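Structure record follows, encoded as structure tokens.
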Amino acid sequence: DMEILSKYVGRFASTEGEFAMLDGVRARILGEQEVNVEGFVATRHPEVFVGIHVSLILVGGVVGFWWPIWGGVLVTLGTLALVVETTGRFSLANWVPIKAAAYNLVVRKRRSAQSRGTIVLTTPLDVPKYRKWELGWIRWTRRPLQWVFGASMVLLSLMILRALGEPLGPRTRDLYLVAIAILAITVLVGLFAYRRESEGKNSASGVSLLLEMSRRLDANPVAQDIDVWFAFLASSKSYQSGMHHFIDLHSKTLKAPVLFISVEEPGGMPLTSFSAEGPIVPQVHRPTGPALVERLQWAGVKIPLRRSWQVSDAREAYRRGFRALALSGGRGVATVESTRRATDIIETLLRWYAHDVGQMESERSNLESLAKTMTAPLAKG
């Protein structure tokens, strides 16, 4: 699968390359399965809107040097918009008519009338249009928007003091200029530290993993009555639009408890799990997914748990109230062997979760008795 699917280059969000990848994956799905192509309208160019917010804060800082009240208003609006934009709570992109057609490919593996829970495996069909230069040796470039947020707080504090009649002294003026410099440098880093991809790095290890997992579950299904979905998501690199649409369409169909497992280029070594995601405010995942990874670590399987400044499809699922686990490959070259190892790991996590859900069902009577004792009033004396 990897050798064939990796030939689909330039698969950026809502482009012919992404559509070709969808057709290629669909052609490789074997057997009589419930396969749906689900169209939706996706937002585009998320980096533009982040740049607009940062630029608004910078302009507000410059204006505030002479007119602190107006500058404070601009900095406040820009900072609030940036925070809600990066946390997924609200986006100006949803109000701007710069959109394009996109299509998810969804496979429902098992449909059980007595379903006890749901597992959803997801992977992006698209790749980033812009990639960050390797600036790991400069630590602050890993989360530049946190520096933007800090600088905006400094500027806003100094503008409030000026608006209250406190003039800028030599030290506060220098602090103000340093904050302006941080904002200006961050804008420059954003312009030069990200480069536009001509074809996009594409190992196709994510889609290959899901296809292989589908075949394994055909040969050896999960023992319990667990619904298993495979979602090949479009426009994941554009505000997680594919995941957003999938949850909007299927959230009422998914039998609780639900676990989303999001994989992205898992063939790169080392395979890493995210415990929190977000460029400014790290949004911590519910403990179910990280706890499964921790059980692997007990057995000696080394999968680092870390906080990521990037955002995966799992973040959107978590934000909508679901359990989610994000797994991403490292910078190493993806190979068939490393992808097979990642498939083994994810299969283990999937079967553990299915076993845990089934165990809860088999012990329901004991758990219900325990629940009654917990809610019963305590005897006096």
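Numbering starts fresh at 1 for the residues of each chain in the structure tokens, the chains themselves are lettered A, B, ... in the order given, and ligands are numbered from 1 as they appear.
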May I have the residues within 9 Å of region 339-344 of chain A as a PyMOL selection string, using only C-alpha atoms and disregarding those fewer than 4 positions away in the same chain? chain A and resi 205-206+208-210+212-213+265-268+271+329+334-335+348-349
I need the residues in region 60-189 of chain A that are strand (DSSP E) according to DSSP; give them as a compact mmCIF listing (two decimals) with C-alpha atoms, in the first residue's frame.
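Generated file (result.txt):
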```txt
# COMPACT_ATOMS: atom_id res chain seq x y z
CA LYS A 99 -14.08 27.68 1.09
CA ALA A 100 -13.75 24.60 -1.05
CA ALA A 101 -15.31 21.19 -1.52
CA ALA A 102 -13.81 18.27 0.41
CA TYR A 103 -14.68 14.60 0.88
CA ASN A 104 -14.20 12.17 3.77
CA LEU A 105 -13.95 8.45 3.11
CA VAL A 106 -15.68 6.56 5.94
CA VAL A 107 -15.74 2.78 6.44
CA ARG A 108 -17.98 1.28 9.10
CA GLY A 117 -18.98 0.94 22.49
CA THR A 118 -17.22 2.48 19.50
CA ILE A 119 -13.66 2.85 18.27
CA VAL A 120 -12.92 5.34 15.46
CA LEU A 121 -9.55 5.17 13.71
CA THR A 122 -8.73 8.32 11.73
CA THR A 123 -5.93 9.59 9.53
CA PRO A 124 -5.57 12.65 7.27
CA TYR A 130 3.54 24.78 4.80
CA ARG A 131 6.17 23.05 6.90
CA LYS A 132 8.32 24.49 9.63
```
Using only C-alpha atoms for the distances, tell me which of A:Val187, A:Val84, A:Val59, A:Ala204 is nearest to Ser6 (chain A).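 Of all the options, A:Ala204 lies closest to Ser6 (chain A).
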For Gln310 (chain A), which of A:Arg26, A:His45, A:Arg89, A:Arg143 is the closest residue, counting only C-alpha atoms?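 Answer, going by the shortest atom-to-atom distance: A:Arg143.
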Using only C-alpha atoms, can you tell me which of A:Ala184, A:Val222, A:Val83, A:Leu233 comes closest to Val357 (chain A)?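 For Val357 (chain A), the nearest of the given residues is A:Val222.
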Considering only C-alpha atoms, tabulate each residue of region 147-251 of chain A that lies at most 10 Å from region 280-303 of chain A along with its nearest interatomic pair and the corresponding distance in Å to one decimal; arrange the rows by chain and ascending residue number and present them as a tab-separated table.
```
residue	atom	partner	partner_atom	distance
A:Trp147	CA	A:Ile280	CA	8.7
A:Val148	CA	A:Ile280	CA	9.0
A:Phe149	CA	A:Ile280	CA	7.5
A:Gly150	CA	A:Ile280	CA	9.9
```
Between CA of Val311 (chain A) and CA of Val127 (chain A), what distance in Å does the model show, to one decimal?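 Going from CA of Val311 (chain A) over to CA of Val127 (chain A), I get 13.2 Å.
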